[in-house]
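Structure file protein_13.tsv with TSV, C-alpha atoms:
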```tsv
chain	number	residue	atom	x	y	z
A	1	MET	CA	-23.01	-5.88	29.79
A	2	SER	CA	-19.56	-6.95	30.84
A	3	ARG	CA	-16.31	-7.32	28.95
A	4	GLU	CA	-16.81	-11.09	28.65
A	5	ASP	CA	-20.17	-10.52	26.91
A	6	VAL	CA	-18.59	-8.61	24.04
A	7	LEU	CA	-14.91	-9.59	23.90
A	8	VAL	CA	-12.93	-12.82	23.90
A	9	THR	CA	-9.21	-13.13	24.50
A	10	THR	CA	-6.85	-14.60	21.90
A	11	GLN	CA	-6.39	-17.54	24.28
A	12	TRP	CA	-10.15	-18.17	24.42
A	13	ALA	CA	-10.21	-18.00	20.62
A	14	GLU	CA	-7.43	-20.55	20.27
A	15	ASP	CA	-9.13	-22.83	22.79
A	16	ASN	CA	-12.44	-22.66	20.89
A	17	LEU	CA	-11.39	-23.05	17.26
A	18	ASP	CA	-13.30	-26.32	17.03
A	19	THR	CA	-16.23	-25.50	19.29
A	20	ALA	CA	-19.56	-26.23	17.61
A	21	GLY	CA	-21.71	-23.16	17.03
A	22	VAL	CA	-18.75	-20.78	17.07
A	23	VAL	CA	-17.80	-19.18	13.74
A	24	PHE	CA	-14.66	-17.08	13.36
A	25	ALA	CA	-14.65	-14.32	10.75
A	26	GLU	CA	-11.82	-12.05	9.67
A	27	VAL	CA	-12.88	-8.63	8.40
A	28	ASP	CA	-10.51	-6.41	6.48
A	29	GLU	CA	-10.41	-3.69	3.90
A	30	ASP	CA	-7.36	-5.27	2.32
A	31	THR	CA	-7.88	-9.03	2.43
A	32	THR	CA	-4.34	-9.92	1.30
A	33	ALA	CA	-3.48	-10.64	4.92
A	34	TYR	CA	-6.31	-13.18	5.19
A	35	ASP	CA	-5.28	-14.84	1.92
A	36	ASN	CA	-1.72	-15.27	3.20
A	37	GLY	CA	-2.79	-16.69	6.52
A	38	HIS	CA	-5.74	-16.48	8.89
A	39	ILE	CA	-7.04	-18.09	12.05
A	40	ARG	CA	-7.83	-21.71	11.22
A	41	GLY	CA	-11.40	-22.10	9.97
A	42	ALA	CA	-12.15	-18.36	9.86
A	43	VAL	CA	-14.31	-17.13	6.99
A	44	LYS	CA	-13.37	-13.95	5.15
A	45	PHE	CA	-15.34	-10.71	4.98
A	46	ASP	CA	-14.11	-8.07	2.57
A	47	TRP	CA	-15.16	-4.75	4.07
A	48	ARG	CA	-15.56	-3.07	0.70
A	49	LYS	CA	-16.88	-5.93	-1.45
A	50	ASP	CA	-19.09	-7.66	1.10
A	51	LEU	CA	-20.30	-4.90	3.40
A	52	GLN	CA	-20.70	-1.89	1.08
A	53	ASP	CA	-23.47	-1.49	-1.49
A	54	GLY	CA	-21.09	-1.15	-4.43
A	55	VAL	CA	-23.08	1.51	-6.23
A	56	ARG	CA	-24.66	3.77	-3.62
A	57	ARG	CA	-22.71	4.82	-0.57
A	58	ASP	CA	-24.51	2.61	1.94
A	59	PHE	CA	-24.66	-0.77	3.62
A	60	VAL	CA	-25.89	-3.82	1.75
A	61	SER	CA	-29.65	-4.28	2.14
A	62	LYS	CA	-31.22	-6.62	4.69
A	63	GLU	CA	-31.67	-9.18	1.90
A	64	GLY	CA	-28.08	-8.67	0.85
A	65	PHE	CA	-26.92	-9.26	4.42
A	66	GLU	CA	-29.00	-12.44	4.55
A	67	ARG	CA	-27.44	-13.66	1.30
A	68	LEU	CA	-23.95	-12.82	2.52
A	69	LEU	CA	-24.26	-14.63	5.86
A	70	SER	CA	-25.99	-17.59	4.23
A	71	GLU	CA	-23.13	-17.90	1.71
A	72	LYS	CA	-20.55	-17.68	4.47
A	73	GLY	CA	-22.27	-20.51	6.31
A	74	ILE	CA	-23.34	-18.49	9.35
A	75	SER	CA	-26.60	-19.44	11.11
A	76	ASN	CA	-28.80	-17.22	13.24
A	77	ASP	CA	-27.82	-19.23	16.30
A	78	ASP	CA	-24.06	-19.11	15.74
A	79	LEU	CA	-21.77	-17.15	18.01
A	80	VAL	CA	-19.76	-15.06	15.56
A	81	ILE	CA	-16.25	-14.11	16.66
A	82	LEU	CA	-14.94	-11.21	14.62
A	83	TYR	CA	-11.35	-10.07	14.28
A	84	GLY	CA	-9.21	-8.22	11.77
A	85	GLY	CA	-6.17	-6.14	11.02
A	86	ASN	CA	-5.81	-2.39	11.54
A	87	ASN	CA	-6.41	-2.76	15.27
A	88	ASN	CA	-9.81	-4.37	14.65
A	89	TRP	CA	-11.25	-1.24	12.99
A	90	PHE	CA	-13.11	-3.16	10.32
A	91	ALA	CA	-14.01	-5.97	12.68
A	92	ALA	CA	-15.54	-3.41	15.08
A	93	TYR	CA	-17.38	-1.90	12.12
A	94	ALA	CA	-18.66	-5.38	11.24
A	95	TYR	CA	-19.68	-5.95	14.88
A	96	TRP	CA	-21.74	-2.74	14.76
A	97	TYR	CA	-23.15	-3.83	11.39
A	98	PHE	CA	-24.11	-7.30	12.73
A	99	LYS	CA	-25.94	-5.57	15.59
A	100	TYR	CA	-27.60	-3.24	13.08
A	101	TYR	CA	-29.15	-6.27	11.38
A	102	GLY	CA	-30.06	-7.88	14.68
A	103	HIS	CA	-27.36	-10.55	15.16
A	104	GLU	CA	-26.93	-10.31	18.93
A	105	ASN	CA	-24.59	-13.25	19.39
A	106	VAL	CA	-21.37	-11.61	18.24
A	107	LYS	CA	-18.06	-10.80	19.96
A	108	LEU	CA	-14.69	-9.35	19.04
A	109	ILE	CA	-11.30	-10.92	19.65
A	110	ASP	CA	-9.65	-8.41	21.99
A	111	GLY	CA	-6.65	-7.06	20.07
A	112	GLY	CA	-7.69	-8.75	16.83
A	113	ARG	CA	-5.22	-10.09	14.35
A	114	LYS	CA	-2.42	-7.92	15.74
A	115	LYS	CA	-2.58	-9.45	19.22
A	116	TRP	CA	-2.88	-12.91	17.67
A	117	GLU	CA	0.31	-12.28	15.64
A	118	LEU	CA	2.18	-10.63	18.52
A	119	ASP	CA	1.34	-13.70	20.60
A	120	GLY	CA	3.04	-15.77	17.89
A	121	ARG	CA	-0.11	-17.86	17.38
A	122	GLU	CA	-0.56	-20.01	14.30
A	123	LEU	CA	-1.99	-18.72	11.01
A	124	ASN	CA	-3.32	-21.02	8.34
A	125	SER	CA	-3.81	-20.40	4.61
A	126	GLU	CA	-6.16	-23.26	3.78
A	127	ASP	CA	-9.41	-22.40	2.00
A	128	VAL	CA	-12.38	-22.30	4.33
A	129	LYS	CA	-15.63	-23.77	3.06
A	130	ARG	CA	-18.69	-23.88	5.28
A	131	GLU	CA	-22.02	-25.31	4.28
A	132	SER	CA	-24.41	-22.53	3.31
A	133	THR	CA	-27.31	-21.62	5.58
A	134	GLU	CA	-30.60	-19.77	5.35
A	135	TYR	CA	-29.80	-16.76	7.46
A	136	LYS	CA	-32.62	-14.39	8.38
A	137	ALA	CA	-31.74	-10.81	9.31
A	138	LYS	CA	-33.87	-8.48	11.42
A	139	ASP	CA	-34.94	-5.00	10.37
A	140	PRO	CA	-32.17	-2.41	10.79
A	141	ASP	CA	-31.72	-1.04	14.30
A	142	ALA	CA	-31.83	2.69	13.64
A	143	SER	CA	-30.92	3.44	17.26
A	144	ILE	CA	-27.23	2.80	16.63
A	145	ARG	CA	-26.68	4.57	13.29
A	146	ALA	CA	-26.65	8.34	12.74
A	147	PHE	CA	-27.38	10.06	9.44
A	148	ARG	CA	-26.37	13.56	8.40
A	149	ASP	CA	-29.62	15.41	9.21
A	150	GLU	CA	-29.58	14.13	12.77
A	151	VAL	CA	-25.92	15.06	13.03
A	152	VAL	CA	-26.47	18.65	11.91
A	153	GLN	CA	-29.51	19.02	14.18
A	154	SER	CA	-27.64	17.60	17.17
A	155	ILE	CA	-24.80	20.13	17.21
A	156	GLY	CA	-24.77	21.63	20.67
A	157	SER	CA	-27.21	19.13	22.18
A	158	LYS	CA	-25.47	15.74	21.89
A	159	ASN	CA	-21.92	14.64	22.58
A	160	PHE	CA	-19.84	14.33	19.45
A	161	VAL	CA	-16.78	12.15	19.69
A	162	ASP	CA	-14.35	12.74	16.85
A	163	VAL	CA	-11.94	9.81	17.03
A	164	ARG	CA	-9.55	10.96	14.31
A	165	SER	CA	-5.98	11.90	15.08
A	166	PRO	CA	-5.37	15.41	16.50
A	167	ASP	CA	-3.95	16.59	13.16
A	168	GLU	CA	-7.05	15.44	11.27
A	169	PHE	CA	-9.29	17.04	13.91
A	170	SER	CA	-7.51	20.40	13.76
A	171	GLY	CA	-7.55	20.41	9.99
A	172	LYS	CA	-3.82	19.95	9.46
A	173	LEU	CA	-4.37	16.57	7.78
A	174	LEU	CA	-7.36	15.24	5.83
A	175	ALA	CA	-6.69	11.53	6.22
A	176	PRO	CA	-4.75	9.22	8.52
A	177	ALA	CA	-0.99	9.62	8.26
A	178	HIS	CA	-0.50	6.36	6.36
A	179	LEU	CA	-2.57	7.69	3.44
A	180	PRO	CA	-1.82	10.40	0.85
A	181	GLN	CA	-3.63	13.60	1.70
A	182	GLU	CA	-5.47	14.59	-1.50
A	183	GLN	CA	-9.16	14.64	-0.60
A	184	SER	CA	-12.27	16.47	-1.71
A	185	GLN	CA	-13.52	17.53	1.73
A	186	VAL	CA	-12.75	20.72	3.60
A	187	PRO	CA	-10.57	20.12	6.67
A	188	GLY	CA	-11.85	20.51	10.24
A	189	HIS	CA	-14.43	19.01	12.57
A	190	ILE	CA	-18.08	19.23	13.64
A	191	PRO	CA	-18.50	22.21	16.00
A	192	SER	CA	-18.53	21.20	19.69
A	193	ALA	CA	-16.97	17.78	18.92
A	194	LEU	CA	-14.52	16.38	21.43
A	195	ASN	CA	-11.33	15.00	19.91
A	196	ILE	CA	-10.78	11.65	21.60
A	197	PRO	CA	-8.67	9.60	19.17
A	198	TRP	CA	-9.80	5.97	18.94
A	199	ALA	CA	-6.35	4.77	20.02
A	200	LYS	CA	-6.84	6.30	23.49
A	201	VAL	CA	-9.12	3.38	24.41
A	202	ALA	CA	-6.61	0.78	23.24
A	203	ASN	CA	-3.31	-0.55	24.46
A	204	GLU	CA	-0.41	-0.66	22.01
A	205	ASP	CA	-1.02	-4.36	21.34
A	206	GLY	CA	-4.53	-3.49	20.14
A	207	THR	CA	-6.46	-4.80	23.17
A	208	PHE	CA	-8.99	-2.52	24.84
A	209	LYS	CA	-7.96	-0.79	28.04
A	210	THR	CA	-9.94	-1.68	31.15
A	211	GLU	CA	-13.49	-0.37	31.46
A	212	GLN	CA	-12.38	1.76	34.41
A	213	GLU	CA	-9.57	3.35	32.37
A	214	ILE	CA	-11.93	4.00	29.45
A	215	ARG	CA	-14.61	5.47	31.71
A	216	GLU	CA	-12.07	7.83	33.30
A	217	LEU	CA	-10.71	8.81	29.89
A	218	TYR	CA	-14.13	9.79	28.53
A	219	ALA	CA	-15.01	11.63	31.73
A	220	GLU	CA	-11.72	13.57	31.65
A	221	GLU	CA	-12.26	14.46	28.02
A	222	GLY	CA	-15.63	15.92	28.88
A	223	ILE	CA	-18.31	13.50	27.68
A	224	ASP	CA	-21.61	14.27	29.38
A	225	GLU	CA	-23.02	10.84	30.32
A	226	SER	CA	-26.54	12.24	30.53
A	227	LYS	CA	-26.59	13.09	26.83
A	228	PRO	CA	-26.76	10.88	23.74
A	229	THR	CA	-23.48	10.47	21.89
A	230	ILE	CA	-22.55	10.32	18.21
A	231	ALA	CA	-19.12	9.00	17.21
A	232	TYR	CA	-17.51	9.72	13.86
A	233	CYS	CA	-14.18	9.61	12.05
A	234	ARG	CA	-13.49	9.76	8.35
A	235	ILE	CA	-15.62	6.85	7.07
A	236	GLY	CA	-16.99	5.27	10.23
A	237	GLU	CA	-14.67	2.36	11.01
A	238	ARG	CA	-12.31	3.92	13.55
A	239	SER	CA	-15.39	5.40	15.22
A	240	SER	CA	-16.81	1.88	15.50
A	241	ILE	CA	-14.07	1.30	18.08
A	242	ALA	CA	-15.35	4.25	20.14
A	243	TRP	CA	-18.97	3.17	19.63
A	244	PHE	CA	-17.99	-0.28	20.88
A	245	ALA	CA	-16.17	1.14	23.90
A	246	LEU	CA	-19.01	3.48	24.87
A	247	ARG	CA	-22.01	1.26	24.25
A	248	GLU	CA	-20.72	-2.29	24.55
A	249	LEU	CA	-18.00	-1.95	27.18
A	250	LEU	CA	-19.31	0.97	29.28
A	251	GLY	CA	-23.00	0.34	28.63
A	252	TYR	CA	-24.04	3.87	27.62
A	253	SER	CA	-27.55	3.49	26.22
A	254	ASP	CA	-27.78	6.03	23.41
A	255	VAL	CA	-24.65	5.87	21.25
A	256	LYS	CA	-24.70	6.08	17.49
A	257	ASN	CA	-22.00	5.66	14.90
A	258	TYR	CA	-22.08	8.21	12.08
A	259	ASP	CA	-20.66	6.24	9.17
A	260	GLY	CA	-21.02	9.14	6.75
A	261	SER	CA	-18.37	10.73	8.95
A	262	TRP	CA	-15.98	13.38	7.72
A	263	THR	CA	-16.01	12.30	4.07
A	264	GLU	CA	-19.72	13.21	4.08
A	265	TYR	CA	-19.84	16.05	6.60
A	266	GLY	CA	-16.76	17.78	5.17
A	267	SER	CA	-18.43	17.79	1.75
A	268	LEU	CA	-21.83	19.17	2.84
A	269	VAL	CA	-22.76	22.65	1.65
A	270	GLY	CA	-23.91	25.16	4.25
A	271	VAL	CA	-23.04	23.33	7.46
A	272	PRO	CA	-20.85	24.78	10.22
A	273	VAL	CA	-17.25	23.58	10.42
A	274	GLU	CA	-14.74	24.30	13.14
A	275	LEU	CA	-10.96	24.45	12.64
A	276	GLY	CA	-8.11	24.20	15.09
A	277	ALA	CA	-7.06	22.01	17.98
A	278	LYS	CA	-9.44	21.43	20.87
B	279	MET	CA	-4.62	8.22	-4.61
B	280	ALA	CA	-7.30	7.67	-2.00
B	281	SER	CA	-10.81	8.57	-3.08
B	282	VAL	CA	-13.79	9.32	-0.88
B	283	ASP	CA	-15.15	5.80	-0.87
B	284	ASP	CA	-11.82	4.24	-0.06
B	285	GLY	CA	-11.39	2.99	3.46
B	286	CYS	CA	-8.98	4.22	6.05
B	287	GLY	CA	-6.99	1.04	6.33
B	288	ALA	CA	-3.26	1.17	5.88
B	289	PRO	CA	-2.20	0.14	2.38
B	290	ALA	CA	0.35	-2.62	1.74
B	291	GLN	CA	3.78	-1.19	2.38
B	292	GLU	CA	6.60	-1.02	-0.16
B	293	ALA	CA	10.10	0.38	-0.46
B	294	THR	CA	10.38	4.15	-0.93
B	295	PRO	CA	12.93	5.01	-3.65
B	296	GLU	CA	15.29	8.00	-3.31
B	297	ASP	CA	13.46	9.84	-6.11
B	298	PHE	CA	10.02	9.23	-4.51
B	299	ASP	CA	7.65	12.09	-5.33
B	300	THR	CA	6.51	13.38	-1.94
B	301	GLN	CA	4.11	15.84	-3.61
B	302	GLY	CA	4.93	18.51	-1.08
B	303	GLN	CA	4.18	16.24	1.90
B	304	VAL	CA	6.28	15.15	4.86
B	305	VAL	CA	7.08	11.52	4.11
B	306	LEU	CA	8.64	9.38	6.84
B	307	ALA	CA	9.93	6.15	5.34
B	308	GLY	CA	12.25	3.41	6.45
B	309	LYS	CA	12.95	-0.17	7.33
B	310	VAL	CA	12.49	-2.44	10.33
B	311	THR	CA	15.34	-4.86	10.92
B	312	GLY	CA	16.14	-7.54	13.46
B	313	ALA	CA	19.16	-9.66	14.25
B	314	ASP	CA	18.74	-11.65	11.02
B	315	GLY	CA	17.83	-8.84	8.62
B	316	PRO	CA	14.59	-7.12	7.55
B	317	ILE	CA	11.49	-7.79	9.63
B	318	GLY	CA	8.22	-8.09	7.75
B	319	GLY	CA	4.89	-8.09	9.54
B	320	ALA	CA	5.97	-5.67	12.27
B	321	PHE	CA	3.34	-3.23	13.51
B	322	VAL	CA	4.88	0.21	12.92
B	323	ARG	CA	3.26	3.00	14.93
B	324	LEU	CA	3.62	6.75	14.34
B	325	LEU	CA	3.41	8.77	17.58
B	326	ASN	CA	3.31	12.58	17.75
B	327	ASP	CA	5.48	14.74	20.02
B	328	GLY	CA	3.02	14.17	22.86
B	329	GLY	CA	3.38	10.40	22.46
B	330	ASP	CA	-0.14	10.13	21.03
B	331	PHE	CA	-0.90	7.53	18.39
B	332	THR	CA	-1.23	8.95	14.89
B	333	GLY	CA	-1.04	6.00	12.53
B	334	GLU	CA	0.00	2.39	12.12
B	335	VAL	CA	1.13	0.24	9.21
B	336	VAL	CA	2.40	-3.32	8.88
B	337	SER	CA	5.95	-3.53	7.46
B	338	SER	CA	6.37	-5.24	4.09
B	339	ALA	CA	8.23	-8.53	3.71
B	340	ASP	CA	11.40	-6.42	3.28
B	341	GLY	CA	10.67	-4.43	6.43
B	342	ASP	CA	9.54	-1.28	4.61
B	343	PHE	CA	7.10	1.31	5.96
B	344	ARG	CA	5.96	4.82	4.98
B	345	PHE	CA	3.92	7.58	6.64
B	346	TYR	CA	2.53	10.86	5.33
B	347	ALA	CA	2.86	13.18	8.29
B	348	ALA	CA	3.00	16.88	9.02
B	349	PRO	CA	6.10	18.89	10.02
B	350	GLY	CA	7.06	18.17	13.61
B	351	GLU	CA	8.77	15.71	15.92
B	352	TRP	CA	7.69	12.12	15.56
B	353	THR	CA	8.45	8.82	17.23
B	354	ILE	CA	8.14	5.66	15.17
B	355	ARG	CA	7.74	2.49	17.21
B	356	ALA	CA	7.76	-1.07	15.86
B	357	LEU	CA	6.13	-4.06	17.58
B	358	HIS	CA	6.93	-7.62	16.59
B	359	ARG	CA	6.59	-11.00	18.26
B	360	THR	CA	10.42	-11.08	18.47
B	361	GLY	CA	10.65	-7.71	20.22
B	362	ASN	CA	10.00	-3.97	19.97
B	363	GLY	CA	12.09	-0.96	18.95
B	364	GLN	CA	11.73	2.73	18.15
B	365	THR	CA	13.37	5.82	16.70
B	366	SER	CA	12.60	9.55	16.53
B	367	VAL	CA	12.79	12.15	13.80
B	368	LYS	CA	12.39	15.91	13.56
B	369	ALA	CA	10.82	16.75	10.21
B	370	ASP	CA	11.14	20.49	9.57
B	371	GLY	CA	9.34	20.48	6.28
B	372	PRO	CA	8.11	18.54	3.26
B	373	GLY	CA	10.34	15.91	1.73
B	374	LEU	CA	11.55	12.39	2.29
B	375	HIS	CA	12.86	11.59	5.76
B	376	ARG	CA	14.69	8.25	6.10
B	377	LEU	CA	14.42	6.11	9.23
B	378	ALA	CA	15.74	2.80	10.51
B	379	ILE	CA	14.32	0.81	13.41
B	380	SER	CA	15.84	-2.29	14.92
B	381	VAL	CA	13.76	-4.64	17.03
B	382	GLY	CA	14.66	-7.50	19.30
```

Represent the structure contained in this file as structure tokens.
Amino acid sequence: MSREDVLVTTQWAEDNLDTAGVVFAEVDEDTTAYDNGHIRGAVKFDWRKDLQDGVRRDFVSKEGFERLLSEKGISNDDLVILYGGNNNWFAAYAYWYFKYYGHENVKLIDGGRKKWELDGRELNSEDVKRESTEYKAKDPDASIRAFRDEVVQSIGSKNFVDVRSPDEFSGKLLAPAHLPQEQSQVPGHIPSALNIPWAKVANEDGTFKTEQEIRELYAEEGIDESKPTIAYCRIGERSSIAWFALRELLGYSDVKNYDGSWTEYGSLVGVPVELGAK
Amino acid sequence: MASVDDGCGAPAQEATPEDFDTQGQVVLAGKVTGADGPIGGAFVRLLNDGGDFTGEVVSSADGDFRFYAAPGEWTIRALHRTGNGQTSVKADGPGLHRLAISVG
């Protein structure tokens, strides 16, 4: 896998807005930004409404994913180009999610909406209507998603990459610094986890650093390439960036995203928790 | 208030009044301005004393931003298509800390 297989530049995106078989999709938690202006022709995915179950804490089902993509007018053969705000967190989550349901032909805009805006490229607020399709999803790919039992059993044997900020890792904060801090979990991190904040793999404009820089970073931070890796954060979207960097950019074979992340782990009874900086 | 099933995305930013209830937290709030007044849509980044990224929000139409941090020294850096700018603050304890950043 090379960078071009999984990422496109903002320039490529602008040059291919009208290319047949290419569908742009913006993914955000707060879709106000999309409503005020988006890349021309891009469909909207609402992270919470479209990609979460709504009752249980889980993904939508395979059938739900099929319905969603059919409604959005995405075909099995389409190349889906994902982007979003928040440094592509939710777009990277959606990328992982598309792979989970077997859509291989998907890429991210490097730098996402932020890079697009910093470039001063055009945004458009027209409604986007695509003809519906009959999308067929594959069975979930369990090899890229970690659940809590595997997480607890893997302490000490697999790499854990905690991508939260140092203050969240040490237990000083419970949520990112742009959010109020009242939460139900205990503070801390999974024992043996390495604290490699997601932003370390990105430049300030939101684009990914070079593969060489990312490889050196993870090596310096102590990831053992011979072992499987599980990435987590608070709810699994920032860790999608690390999952993407490790598996899609560097080509590590066994990398899972733990979307239960700290909001689940920090609420479990009887599991070990470590406090303090690394 | 954020609940467990809320995401981690930065909320829409708004002005922080003088009597804002910080609820015992370190609140870093301010405005991004350019040559022609407030700058909305700037990417405002909170960096810790080691220069490491801690958080990012997009300034409101009036240039407002707000972070909930911990005591310490912080750099706040704003990126916009018209230019970048930054400022630093030493927050000794809980309360509202006012900041201003000009870009361009």

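The space between CA of Glu216 (chain A) and CA of Ile235 (chain A) spans 26.5 Å.
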
Distance query Gly312 (chain B) at most 8 Å, only C-alpha atoms, self and fewer than 2 positions along chain excluded, as a PDB file with C-alpha atoms, in the coordinates of the input:
```pdb
ATOM      1  CA  VAL B 310      12.490  -2.440  10.330  1.00  0.00           C
ATOM      2  CA  ASP B 314      18.740 -11.650  11.020  1.00  0.00           C
ATOM      3  CA  GLY B 315      17.830  -8.840   8.620  1.00  0.00           C
ATOM      4  CA  PRO B 316      14.590  -7.120   7.550  1.00  0.00           C
ATOM      5  CA  ILE B 317      11.490  -7.790   9.630  1.00  0.00           C
ATOM      6  CA  SER B 380      15.840  -2.290  14.920  1.00  0.00           C
ATOM      7  CA  VAL B 381      13.760  -4.640  17.030  1.00  0.00           C
ATOM      8  CA  GLY B 382      14.660  -7.500  19.300  1.00  0.00           C
TER       9      GLY B 382
END
```

Sort by chain and increasing residue number a table of all residues of region 35-143 of chain A within 12 Å of region 321-334 of chain B, each with its closest pair of atoms and their distance in Å to one decimal, counting only C-alpha atoms, and write it as a tab-separated table.
```
residue	atom	partner	partner_atom	distance
A:Gly85	CA	B:Phe321	CA	10.3
A:Asn86	CA	B:Glu334	CA	7.5
A:Asn87	CA	B:Glu334	CA	8.8
A:Trp89	CA	B:Glu334	CA	11.9
A:Arg113	CA	B:Phe321	CA	11.0
A:Lys114	CA	B:Phe321	CA	7.8
A:Lys115	CA	B:Phe321	CA	10.3
A:Glu117	CA	B:Phe321	CA	9.8
A:Leu118	CA	B:Phe321	CA	9.0
```

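Taking CA of Val304 (chain B) and CA of Tyr232 (chain A) as endpoints, the distance between them is 26.0 Å.
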
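Selection around (-23.1, 4.6, 1.0) with radius 12 Å, counting all atoms listed in the file, yields the residues Arg48, Leu51, Gln52, Asp53, Gly54, Val55, Arg56, Arg57, Asp58, Phe59, Val60, Ser61, Phe147, Ile235, Gly236, Tyr258, Asp259, Gly260, Ser261, Thr263 and Glu264 of chain A; Val282, Asp283 and Asp284 of chain B.
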
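Among A:Lys99, A:Lys107, A:Lys138, A:Lys278, the residue with the shortest atom-to-atom distance to Ala25 (chain A), counting all atoms listed in the file, is A:Lys107.
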
*Please return, as a ChimeraX atom specification, all residues of chain B lying within 6 Å of chain A when all atoms listed in the file are considered.*
/B:288,332-333,345-347,358-359

_Non-local contacts of Val128 (chain A) (12 Å; only C-alpha atoms; under 4 positions in same chain excluded) as a PyMOL selection string_ = chain A and resi 23-26+34-35+37-45+71-73+124

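CA of Gly287 (chain B) is found 29.9 Å from CA of Gln153 (chain A).
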
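The closest residue to Ala290 (chain B), picked from B:Ser366, B:Gln303, B:Ser338, B:Thr353 and counting all atoms listed in the file, is B:Ser338.
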
Using only C-alpha atoms, which residues sit within 6 Å of Ala307 (chain B) once same-chain residues fewer than 5 positions away are excluded, as a PDB file with C-alpha atoms, in the coordinates of the input?
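Contents of out08.pdb, freshly written:
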```pdb
ATOM      1  CA  PHE B 343       7.100   1.310   5.960  1.00  0.00           C
ATOM      2  CA  ARG B 344       5.960   4.820   4.980  1.00  0.00           C
ATOM      3  CA  ARG B 376      14.690   8.250   6.100  1.00  0.00           C
ATOM      4  CA  LEU B 377      14.420   6.110   9.230  1.00  0.00           C
TER       5      LEU B 377
END
```

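Counting all atoms listed in the file and comparing B:Ala378, B:Ala339, B:Leu306, B:Leu357, the residue that lies closest to Gly318 (chain B) is B:Ala339.
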
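Nearest residue to Trp96 (chain A) among A:Arg145, A:Thr10, A:Gly222, A:Phe208 is A:Arg145, counting only C-alpha atoms.
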
Taking every listed atom of region 373-382 of chain B and adding 3 Å to each side, what centre and edge lengths in Å (one decimal) does the axis-aligned box have, as AutoDock Vina command-line options?
```
--center_x 13.1 --center_y 4.2 --center_z 10.5 --size_x 11.5 --size_y 29.4 --size_z 23.6
```

Selection: 10 Å around Glu104 (chain A), only C-alpha atoms, excl. self and same-chain fewer than 3 positions, as a PDB file with C-alpha atoms, in the frame of the given file:
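Here's the written file selection08.pdb:
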```pdb
ATOM      1  CA  VAL A   6     -18.590  -8.610  24.040  1.00  0.00           C
ATOM      2  CA  ASN A  76     -28.800 -17.220  13.240  1.00  0.00           C
ATOM      3  CA  ASP A  77     -27.820 -19.230  16.300  1.00  0.00           C
ATOM      4  CA  ASP A  78     -24.060 -19.110  15.740  1.00  0.00           C
ATOM      5  CA  LEU A  79     -21.770 -17.150  18.010  1.00  0.00           C
ATOM      6  CA  VAL A  80     -19.760 -15.060  15.560  1.00  0.00           C
ATOM      7  CA  TYR A  95     -19.680  -5.950  14.880  1.00  0.00           C
ATOM      8  CA  PHE A  98     -24.110  -7.300  12.730  1.00  0.00           C
ATOM      9  CA  LYS A  99     -25.940  -5.570  15.590  1.00  0.00           C
ATOM     10  CA  TYR A 100     -27.600  -3.240  13.080  1.00  0.00           C
ATOM     11  CA  TYR A 101     -29.150  -6.270  11.380  1.00  0.00           C
ATOM     12  CA  LYS A 107     -18.060 -10.800  19.960  1.00  0.00           C
TER      13      LYS A 107
END
```

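Omitting Val271 (chain A) and its sequence neighbours fewer than 4 positions away, and counting all atoms listed in the file, the residues within 12 Å are Arg148, Asp149, Val151, Val152, Gln153, Ile155, Val186, Gly188, His189, Ile190, Pro191, Glu264, Tyr265, Gly266 and Ser267 of chain A.
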
*Local residues around (8.8, 21.5, 8.3), at most 12 Å away, using all atoms listed in the file, as a ChimeraX atom specification*: /B:302-305,347-352,367-375
